[in-house]
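Quick look at my_file.cif (mmCIF, C-alpha atoms):
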```
data_query
loop_
_atom_site.label_atom_id
_atom_site.label_comp_id
_atom_site.auth_asym_id
_atom_site.auth_seq_id
_atom_site.Cartn_x
_atom_site.Cartn_y
_atom_site.Cartn_z
CA MET A 479 20.34 -45.08 -11.61
CA ILE A 480 19.13 -42.51 -14.13
CA ARG A 481 20.46 -43.10 -17.62
CA ARG A 482 22.08 -40.32 -19.62
CA ARG A 483 19.33 -40.52 -22.29
CA THR A 484 16.71 -39.73 -19.63
CA PHE A 485 18.62 -36.60 -18.63
CA LEU A 486 18.98 -35.49 -22.23
CA LEU A 487 15.27 -35.90 -22.85
CA ALA A 488 14.49 -33.86 -19.75
CA ALA A 489 16.95 -31.17 -20.78
CA SER A 490 15.37 -30.85 -24.19
CA GLY A 491 11.92 -30.45 -22.69
CA LEU A 492 10.67 -33.50 -24.58
CA ALA A 493 10.28 -35.93 -21.67
CA ALA A 494 6.83 -37.50 -21.68
CA GLY A 495 5.88 -35.25 -24.62
CA ARG A 496 5.55 -32.19 -22.39
CA PRO A 497 6.26 -28.57 -23.32
CA LEU A 498 9.39 -26.95 -21.94
CA VAL A 499 9.29 -26.90 -18.12
CA ILE A 500 11.69 -24.82 -16.03
CA ASP A 501 11.51 -24.56 -12.24
CA THR A 502 12.54 -21.02 -11.33
CA HIS A 503 12.59 -21.55 -7.57
CA ILE A 504 14.21 -24.37 -5.64
CA HIS A 505 16.34 -24.31 -2.48
CA LEU A 506 19.04 -26.98 -2.22
CA PHE A 507 20.58 -27.98 1.10
CA ALA A 508 23.52 -30.30 1.69
CA SER A 509 22.88 -33.51 3.57
CA ASP A 510 26.39 -33.16 5.02
CA LYS A 511 26.03 -30.30 7.52
CA THR A 512 29.63 -30.72 8.63
CA LYS A 513 31.00 -29.96 5.19
CA PHE A 514 28.30 -27.39 4.36
CA PRO A 515 27.04 -25.98 7.67
CA PRO A 516 24.45 -23.22 8.05
CA HIS A 517 25.86 -19.74 8.51
CA ALA A 518 26.26 -18.29 12.00
CA ASN A 519 23.67 -15.64 11.02
CA ALA A 520 21.24 -18.11 9.44
CA SER A 521 17.74 -16.64 9.49
CA TYR A 522 16.29 -20.13 9.96
CA ARG A 523 17.73 -23.59 10.60
CA ASP A 524 14.76 -25.95 10.43
CA TYR A 525 15.09 -26.52 6.70
CA LYS A 526 14.17 -29.72 4.90
CA LEU A 527 17.23 -31.38 3.42
CA LEU A 528 17.28 -31.56 -0.36
CA ASP A 529 20.68 -32.36 -1.80
CA VAL A 530 21.75 -31.91 -5.38
CA ALA A 531 22.03 -35.62 -6.22
CA ASN A 532 18.49 -36.44 -5.12
CA TYR A 533 17.11 -33.36 -6.80
CA CYS A 534 18.75 -34.19 -10.14
CA ARG A 535 17.29 -37.70 -10.04
CA PHE A 536 13.84 -36.29 -9.37
CA ALA A 537 14.11 -33.57 -12.05
CA ALA A 538 15.04 -36.12 -14.70
CA GLN A 539 12.06 -38.27 -13.78
CA ALA A 540 9.73 -35.26 -13.80
CA GLY A 541 10.95 -33.96 -17.16
CA ILE A 542 12.17 -30.62 -15.81
CA ALA A 543 14.48 -29.07 -18.39
CA HIS A 544 16.29 -26.56 -16.16
CA THR A 545 16.19 -25.23 -12.63
CA ILE A 546 17.16 -22.00 -10.90
CA ILE A 547 18.75 -22.68 -7.51
CA VAL A 548 17.63 -19.83 -5.29
CA HIS A 549 20.50 -19.61 -2.83
CA PRO A 550 18.84 -20.13 0.57
CA GLU A 551 19.13 -17.81 3.55
CA PRO A 552 20.57 -20.38 5.99
CA TYR A 553 23.83 -20.18 4.04
CA GLN A 554 23.78 -16.35 3.91
CA ASP A 555 26.77 -15.18 1.81
CA ASP A 556 28.54 -18.56 1.86
CA HIS A 557 27.83 -19.89 -1.63
CA SER A 558 29.89 -23.07 -1.27
CA TYR A 559 26.99 -25.45 -1.74
CA LEU A 560 25.57 -23.50 -4.66
CA GLU A 561 28.92 -23.67 -6.44
CA TYR A 562 29.32 -27.33 -5.54
CA SER A 563 25.88 -28.03 -7.01
CA PHE A 564 26.97 -26.58 -10.34
CA THR A 565 29.71 -29.24 -10.49
CA GLN A 566 27.30 -32.08 -9.67
CA GLU A 567 24.45 -31.26 -12.06
CA GLN A 568 23.11 -33.73 -14.58
CA PRO A 569 23.03 -32.94 -17.44
CA LYS A 570 25.64 -30.25 -17.92
CA GLY A 571 24.13 -26.76 -17.94
CA PHE A 572 21.03 -27.84 -16.04
CA PHE A 573 21.36 -25.29 -13.21
CA LYS A 574 21.73 -21.57 -12.84
CA GLY A 575 21.52 -19.76 -9.51
CA THR A 576 21.07 -16.63 -7.48
CA CYS A 577 23.46 -15.09 -4.97
CA LEU A 578 22.98 -13.37 -1.63
CA PHE A 579 25.09 -10.52 -0.24
CA ASP A 580 24.39 -7.80 2.29
CA PRO A 581 23.04 -4.83 0.30
CA ILE A 582 24.47 -2.24 2.68
CA ARG A 583 28.03 -3.58 2.86
CA PRO A 584 30.48 -1.49 0.83
CA ASP A 585 32.21 -4.59 -0.56
CA THR A 586 29.03 -6.16 -1.95
CA PRO A 587 29.54 -4.98 -5.57
CA ARG A 588 33.06 -6.43 -5.56
CA ARG A 589 31.86 -9.74 -4.14
CA MET A 590 29.07 -9.92 -6.70
CA GLU A 591 31.63 -9.56 -9.46
CA GLU A 592 33.86 -12.24 -7.93
CA ILE A 593 31.17 -14.92 -7.80
CA VAL A 594 30.02 -14.13 -11.34
CA LYS A 595 33.59 -14.43 -12.64
CA ARG A 596 34.11 -17.73 -10.79
CA ASN A 597 30.92 -19.13 -12.29
CA PRO A 598 30.54 -17.76 -15.83
CA ASN A 599 27.02 -17.83 -17.24
CA ARG A 600 25.70 -19.33 -14.00
CA ILE A 601 24.70 -16.52 -11.62
CA VAL A 602 21.52 -14.88 -12.88
CA ALA A 603 20.35 -12.66 -10.02
CA ILE A 604 21.11 -11.24 -6.62
CA ARG A 605 18.27 -11.71 -4.15
CA ILE A 606 17.12 -9.19 -1.56
CA HIS A 607 14.68 -9.73 1.30
CA SER A 608 12.27 -7.23 2.82
CA THR A 609 9.34 -8.89 4.56
CA ARG A 610 9.48 -7.51 8.09
CA PRO A 611 6.37 -6.37 9.95
CA THR A 612 5.84 -2.68 9.30
CA SER A 613 5.99 -2.01 13.04
CA LYS A 614 9.63 -3.11 13.19
CA PRO A 615 12.60 -0.99 12.12
CA ALA A 616 15.00 -1.93 9.33
CA THR A 617 17.96 -4.05 10.33
CA THR A 618 21.61 -3.01 10.13
CA SER A 619 23.33 -6.27 11.05
CA GLY A 620 22.67 -9.97 11.56
CA PRO A 621 20.82 -11.96 8.86
CA MET A 622 20.98 -10.18 5.52
CA ARG A 623 17.34 -9.22 5.28
CA ASP A 624 15.05 -6.30 6.04
CA ARG A 625 17.68 -3.62 5.44
CA ASP A 626 16.59 -0.03 4.79
CA LEU A 627 15.72 0.13 1.09
CA THR A 628 16.63 3.82 1.00
CA HIS A 629 20.23 3.02 2.00
CA PRO A 630 22.69 4.00 -0.79
CA GLY A 631 23.95 0.41 -0.83
CA PHE A 632 20.85 -0.70 -2.70
CA ARG A 633 21.58 1.62 -5.59
CA ASN A 634 25.17 0.38 -5.65
CA LEU A 635 23.80 -3.17 -5.77
CA TRP A 636 21.40 -2.31 -8.60
CA ARG A 637 24.13 -0.55 -10.55
CA LYS A 638 26.50 -3.50 -10.23
CA ALA A 639 23.75 -5.94 -11.19
CA GLY A 640 23.33 -3.94 -14.39
CA ASP A 641 27.06 -4.04 -15.09
CA LEU A 642 27.12 -7.81 -14.60
CA GLY A 643 23.90 -8.57 -16.47
CA LEU A 644 22.14 -9.84 -13.35
CA ALA A 645 18.53 -9.43 -12.34
CA VAL A 646 17.56 -8.20 -8.89
CA GLN A 647 15.27 -10.78 -7.32
CA CYS A 648 13.03 -9.22 -4.69
CA HIS A 649 11.51 -11.26 -1.90
CA ALA A 650 9.47 -8.36 -0.59
CA ALA A 651 6.09 -7.61 0.87
CA PRO A 652 3.59 -5.06 -0.49
CA PRO A 653 4.54 -2.07 1.72
CA PHE A 654 8.08 -2.18 0.34
CA HIS A 655 7.27 -2.42 -3.36
CA PRO A 656 6.98 1.37 -3.87
CA GLN A 657 10.56 1.73 -2.61
CA ILE A 658 11.70 -1.03 -4.95
CA ALA A 659 9.89 0.68 -7.82
CA ALA A 660 11.66 3.95 -7.03
CA ILE A 661 15.07 2.29 -7.43
CA ALA A 662 14.03 0.26 -10.46
CA ARG A 663 12.89 3.39 -12.33
CA ASP A 664 16.44 4.70 -12.18
CA PHE A 665 17.87 1.44 -13.59
CA PRO A 666 15.46 0.54 -16.41
CA LYS A 667 17.83 -1.98 -18.01
CA VAL A 668 18.05 -4.15 -14.88
CA LYS A 669 15.47 -6.92 -14.77
CA VAL A 670 13.52 -7.20 -11.51
CA VAL A 671 11.97 -10.52 -10.50
CA VAL A 672 9.31 -10.27 -7.78
CA ASP A 673 9.07 -13.49 -5.77
CA HIS A 674 6.03 -15.26 -4.37
CA LEU A 675 3.29 -13.15 -5.97
CA GLY A 676 4.73 -10.19 -4.06
CA HIS A 677 3.41 -11.65 -0.78
CA GLY A 678 0.14 -10.17 -1.86
CA GLY A 679 -2.59 -12.10 -0.07
CA THR A 680 -4.76 -11.87 2.99
CA GLU A 681 -2.34 -13.89 5.13
CA GLN A 682 -0.11 -10.83 5.28
CA ALA A 683 -2.56 -9.06 7.59
CA ARG A 684 -0.68 -10.61 10.48
CA PHE A 685 2.33 -8.46 9.55
CA GLY A 686 0.31 -5.27 9.61
CA TYR A 687 -0.08 -5.03 5.83
CA ARG A 688 -3.36 -3.70 4.53
CA PRO A 689 -5.31 -5.96 2.12
CA GLY A 690 -5.44 -3.23 -0.51
CA GLU A 691 -1.66 -3.15 -0.73
CA PHE A 692 -1.73 -5.81 -3.44
CA ASP A 693 -2.18 -2.76 -5.63
CA ASN A 694 1.50 -2.09 -4.93
CA VAL A 695 2.32 -5.38 -6.62
CA LEU A 696 0.13 -4.58 -9.61
CA ALA A 697 1.70 -1.12 -9.89
CA LEU A 698 5.07 -2.73 -10.57
CA ALA A 699 3.67 -3.90 -13.90
CA LYS A 700 4.02 -0.30 -15.14
CA LEU A 701 7.78 -0.89 -15.21
CA PRO A 702 8.50 -3.04 -18.27
CA GLN A 703 11.57 -4.68 -16.73
CA VAL A 704 9.62 -6.23 -13.85
CA ILE A 705 8.69 -9.93 -13.97
CA LEU A 706 6.27 -11.47 -11.47
CA LYS A 707 7.00 -14.94 -10.14
CA VAL A 708 3.94 -16.90 -9.06
CA SER A 709 5.29 -19.15 -6.32
CA ALA A 710 4.86 -20.17 -2.68
CA LEU A 711 1.13 -19.46 -2.82
CA ARG A 712 0.76 -20.60 0.79
CA TYR A 713 2.42 -17.32 1.87
CA SER A 714 -0.50 -15.35 0.48
CA SER A 715 -3.40 -17.69 1.21
CA ARG A 716 -5.46 -18.37 4.29
CA GLN A 717 -6.90 -21.48 2.72
CA PRO A 718 -5.31 -24.91 2.22
CA TYR A 719 -4.28 -26.29 -1.15
CA PRO A 720 -5.31 -25.32 -3.82
CA HIS A 721 -5.48 -21.84 -2.17
CA GLU A 722 -8.71 -20.82 -3.82
CA ASP A 723 -8.78 -17.42 -2.10
CA ILE A 724 -5.89 -16.01 -4.12
CA LYS A 725 -7.14 -17.06 -7.54
CA PRO A 726 -8.59 -13.55 -8.15
CA LEU A 727 -5.18 -12.05 -7.31
CA ILE A 728 -3.48 -14.23 -9.89
CA ARG A 729 -6.03 -13.23 -12.50
CA SER A 730 -5.48 -9.55 -11.67
CA ALA A 731 -1.72 -10.02 -11.90
CA PHE A 732 -2.10 -11.73 -15.28
CA GLN A 733 -4.11 -8.80 -16.57
CA ALA A 734 -1.49 -6.33 -15.31
CA PHE A 735 1.75 -8.11 -16.30
CA GLY A 736 0.50 -10.19 -19.20
CA PRO A 737 1.69 -13.71 -20.03
CA GLU A 738 5.04 -12.41 -21.27
CA ARG A 739 6.12 -11.15 -17.82
CA MET A 740 5.07 -13.96 -15.51
CA ILE A 741 6.97 -17.09 -14.49
CA TRP A 742 6.05 -20.02 -12.29
CA GLY A 743 8.23 -21.14 -9.40
CA GLY A 744 8.00 -24.41 -7.49
CA LEU A 745 7.60 -27.87 -8.99
CA GLY A 746 8.40 -29.97 -5.95
CA ALA A 747 11.14 -32.44 -5.16
CA THR A 748 9.19 -35.70 -5.34
CA MET A 749 6.82 -36.99 -7.97
CA LYS A 750 3.90 -36.65 -5.55
CA GLU A 751 4.75 -32.99 -4.92
CA HIS A 752 5.35 -32.45 -8.61
CA GLU A 753 1.89 -33.69 -9.51
CA GLU A 754 0.34 -31.42 -6.87
CA TYR A 755 2.23 -28.35 -8.13
CA ARG A 756 1.38 -29.03 -11.75
CA LYS A 757 -2.30 -29.34 -10.83
CA LEU A 758 -2.00 -26.12 -8.82
CA PHE A 759 -0.59 -24.30 -11.83
CA GLU A 760 -3.30 -25.58 -14.15
CA HIS A 761 -6.00 -24.66 -11.62
CA HIS A 762 -4.86 -21.08 -11.13
CA PHE A 763 -4.17 -20.45 -14.82
CA ASP A 764 -7.21 -22.26 -16.22
CA PHE A 765 -8.31 -18.98 -17.83
CA ALA A 766 -5.12 -18.73 -19.91
CA SER A 767 -4.59 -20.30 -23.31
CA GLY A 768 -2.29 -23.26 -23.79
CA ALA A 769 0.33 -21.04 -25.44
CA GLU A 770 0.17 -18.56 -22.55
CA ARG A 771 0.59 -21.34 -19.98
CA GLU A 772 3.61 -22.65 -21.86
CA ARG A 773 5.20 -19.21 -21.65
CA ILE A 774 4.65 -19.00 -17.89
CA MET A 775 5.78 -22.56 -17.20
CA GLY A 776 9.01 -22.45 -19.17
CA LEU A 777 9.49 -20.26 -22.23
CA ASN A 778 9.65 -16.95 -20.35
CA ALA A 779 12.23 -18.36 -17.95
CA LYS A 780 14.29 -19.73 -20.85
CA ALA A 781 14.55 -16.24 -22.31
CA LEU A 782 14.98 -14.43 -18.99
CA TYR A 783 17.77 -16.64 -17.67
CA GLY A 784 19.50 -17.39 -20.96
CA PHE A 785 19.09 -21.17 -21.12
#
```
Show how you would write the structure in this file as structure tokens.
Amino acid sequence: MIRRRTFLLAASGLAAGRPLVIDTHIHLFASDKTKFPPHANASYRDYKLLDVANYCRFAAQAGIAHTIIVHPEPYQDDHSYLEYSFTQEQPKGFFKGTCLFDPIRPDTPRRMEEIVKRNPNRIVAIRIHSTRPTSKPATTSGPMRDRDLTHPGFRNLWRKAGDLGLAVQCHAAPPFHPQIAAIARDFPKVKVVVDHLGHGGTEQARFGYRPGEFDNVLALAKLPQVILKVSALRYSSRQPYPHEDIKPLIRSAFQAFGPERMIWGGLGATMKEHEEYRKLFEHHFDFASGAERERIMGLNAKALYGF
């Protein structure tokens, strides 16, 4: 059993004498699939169970001060487990989360407002997905991903995000970043968080993306409201841990975005994983100063998400 004092130390960022640590990217899944089943349109079902109770115990042990629950695709627009997790957190105020709605549905802005009102100061972003192979057309139904980014619904989504004070979190691949940039330019007050290094590595060749398209990720740095999340490095790498082949990409991204507009996502769910992820962070940011690493590991996220 984790004592309350341990949780309070973790929440203050003082556990084990460490600087403030915030994990900006974790998926939580209920162990009870009867009470919290995957959605009929789930884009994948082979997920690893990680329930809120076990995660909170781990986070306290690891000294993680706060965590962003990135609402996972298997639940689609059913946010029951996300909202349940808010009620089970330890300590109070530990979690914030993202939401997922179909960008092209006319009722999406209304539904965004409803979940924000039900969970004040909890929902920080709406997430969109665009990672399809370039040879495939945009979707119009089924799992809420790979919709046509030129559809008017995306601008309605962006506009409503601005009204509600939400960021737009983009899980997108390099060919789609120019379209995202085109929308973002028209809504300069809306923060944009680009997940997973923008899927910018050589692994993406299997989707028909050209290696040089990482320039599309770097070009987003010209928009001051865009923040790059360095996470899920395996998506961009063709090499095993510690993914040495993408180290130059991270350095280029650092030069483009600067330490003030980068955050780290992914700190594991066990102490073994946590140690590996912390070593991964230190390895890929060994060129940065201690103060710059502290920003990327926690301080930028604290400001961005209002902890």
Worksheet item: What gap, in Å, lies between atom CA of Ala531 of chain A and atom CA of Ile604 of chain A?
Response: 24.4 Å
Practice prompt. Pull out every residue that the PyMOL selection byres ((chain A and resi 502) around 6) matches in the shown coordinates and put them as a list in words.
Written response: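 Taken on the displayed file, the PyMOL selection byres ((chain A and resi 502) around 6) yields the residues Asp501, His503, Thr545, Ile546 and Gly743 of chain A.
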Please produce a file of those selected residues containing C-alpha atoms, as a tab-separated table (two decimals), in the coordinates of the input.
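Below is the file that was written, selection-v2.tsv:
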```tsv
chain	number	residue	atom	x	y	z
A	501	ASP	CA	11.51	-24.56	-12.24
A	503	HIS	CA	12.59	-21.55	-7.57
A	545	THR	CA	16.19	-25.23	-12.63
A	546	ILE	CA	17.16	-22.00	-10.90
A	743	GLY	CA	8.23	-21.14	-9.40
```
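Going from atom CA of Ile774 of chain A to atom CA of Thr576 of chain A covers 19.6 Å.
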Practice prompt. Name the residues that the PyMOL selection byres ((chain A and resi 698) around 12) pulls out of this structure, and write them as a PyMOL selection string.
Written response: chain A and resi 648+652+654-663+669-672+675-676+691-697+699-706+731+734-735+739
Practice prompt. Starting from the displayed file, determine the output of the PyMOL selection byres ((chain A and resi 762) around 10) and express the residue list as a PyMOL selection string.
Written response: chain A and resi 708+720-722+724-729+757-761+763-766
With C-alpha atoms kept, could you save the residues just selected as a PDB file, in the coordinates of the input?
```pdb
ATOM      1  CA  VAL A 708       3.940 -16.900  -9.060  1.00  0.00           C
ATOM      2  CA  PRO A 720      -5.310 -25.320  -3.820  1.00  0.00           C
ATOM      3  CA  HIS A 721      -5.480 -21.840  -2.170  1.00  0.00           C
ATOM      4  CA  GLU A 722      -8.710 -20.820  -3.820  1.00  0.00           C
ATOM      5  CA  ILE A 724      -5.890 -16.010  -4.120  1.00  0.00           C
ATOM      6  CA  LYS A 725      -7.140 -17.060  -7.540  1.00  0.00           C
ATOM      7  CA  PRO A 726      -8.590 -13.550  -8.150  1.00  0.00           C
ATOM      8  CA  LEU A 727      -5.180 -12.050  -7.310  1.00  0.00           C
ATOM      9  CA  ILE A 728      -3.480 -14.230  -9.890  1.00  0.00           C
ATOM     10  CA  ARG A 729      -6.030 -13.230 -12.500  1.00  0.00           C
ATOM     11  CA  LYS A 757      -2.300 -29.340 -10.830  1.00  0.00           C
ATOM     12  CA  LEU A 758      -2.000 -26.120  -8.820  1.00  0.00           C
ATOM     13  CA  PHE A 759      -0.590 -24.300 -11.830  1.00  0.00           C
ATOM     14  CA  GLU A 760      -3.300 -25.580 -14.150  1.00  0.00           C
ATOM     15  CA  HIS A 761      -6.000 -24.660 -11.620  1.00  0.00           C
ATOM     16  CA  PHE A 763      -4.170 -20.450 -14.820  1.00  0.00           C
ATOM     17  CA  ASP A 764      -7.210 -22.260 -16.220  1.00  0.00           C
ATOM     18  CA  PHE A 765      -8.310 -18.980 -17.830  1.00  0.00           C
ATOM     19  CA  ALA A 766      -5.120 -18.730 -19.910  1.00  0.00           C
TER      20      ALA A 766
END
```
Worksheet entry | Separation of atom CA of Gly643 of chain A from atom CA of Arg600 of chain A in Å | 11.2 Å
Which polymer residues, protein or nucleic acid, are no farther than 12 Å from (14.3, -2.2, 7.7), counting only C-alpha atoms, as a tab-separated table (two decimals) with C-alpha atoms, in the frame of the given file?
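Now in point.tsv:
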```
chain	number	residue	atom	x	y	z
A	581	PRO	CA	23.04	-4.83	0.30
A	582	ILE	CA	24.47	-2.24	2.68
A	606	ILE	CA	17.12	-9.19	-1.56
A	607	HIS	CA	14.68	-9.73	1.30
A	608	SER	CA	12.27	-7.23	2.82
A	609	THR	CA	9.34	-8.89	4.56
A	610	ARG	CA	9.48	-7.51	8.09
A	611	PRO	CA	6.37	-6.37	9.95
A	612	THR	CA	5.84	-2.68	9.30
A	613	SER	CA	5.99	-2.01	13.04
A	614	LYS	CA	9.63	-3.11	13.19
A	615	PRO	CA	12.60	-0.99	12.12
A	616	ALA	CA	15.00	-1.93	9.33
A	617	THR	CA	17.96	-4.05	10.33
A	618	THR	CA	21.61	-3.01	10.13
A	619	SER	CA	23.33	-6.27	11.05
A	621	PRO	CA	20.82	-11.96	8.86
A	622	MET	CA	20.98	-10.18	5.52
A	623	ARG	CA	17.34	-9.22	5.28
A	624	ASP	CA	15.05	-6.30	6.04
A	625	ARG	CA	17.68	-3.62	5.44
A	626	ASP	CA	16.59	-0.03	4.79
A	627	LEU	CA	15.72	0.13	1.09
A	628	THR	CA	16.63	3.82	1.00
A	629	HIS	CA	20.23	3.02	2.00
A	650	ALA	CA	9.47	-8.36	-0.59
A	651	ALA	CA	6.09	-7.61	0.87
A	653	PRO	CA	4.54	-2.07	1.72
A	654	PHE	CA	8.08	-2.18	0.34
A	657	GLN	CA	10.56	1.73	-2.61
```
Discussion item. Need to verify the contact set: Pro552 of chain A, 9 Å, only C-alpha atoms, exclusion of same-chain residues closer than 5 positions in sequence. Can you return it as a PyMOL selection string?
Written reply: chain A and resi 515-523+525+621
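Nearest residue to Gln539 of chain A, choosing from A:Gln717, A:Arg771, A:Gln568, A:Ser709 and counting only C-alpha atoms: A:Gln568.
Using all atoms listed in the file, the shortest contact distance between Gly776 of chain A and any of A:Leu578, A:Ile601, A:Ile504, A:Leu498 is found at A:Leu498.
Checking A:Thr748, A:Asn778, A:Asn634, A:Gln647 one by one against Asn532 of chain A, counting all atoms listed in the file, you find the shortest gap at A:Thr748.
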Discussion item. Taking only C-alpha atoms into account, name the residue in A:Ser563, A:Arg633, A:His544, A:Pro569 that is nearest to Arg583 of chain A.
Written reply: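 Among A:Ser563, A:Arg633, A:His544, A:Pro569, it is A:Arg633 that comes nearest to Arg583 of chain A.
Among the candidates A:Pro666, A:Gln566, A:Pro718, A:Asp723, the one nearest to Gly679 of chain A when counting all atoms listed in the file is A:Asp723.
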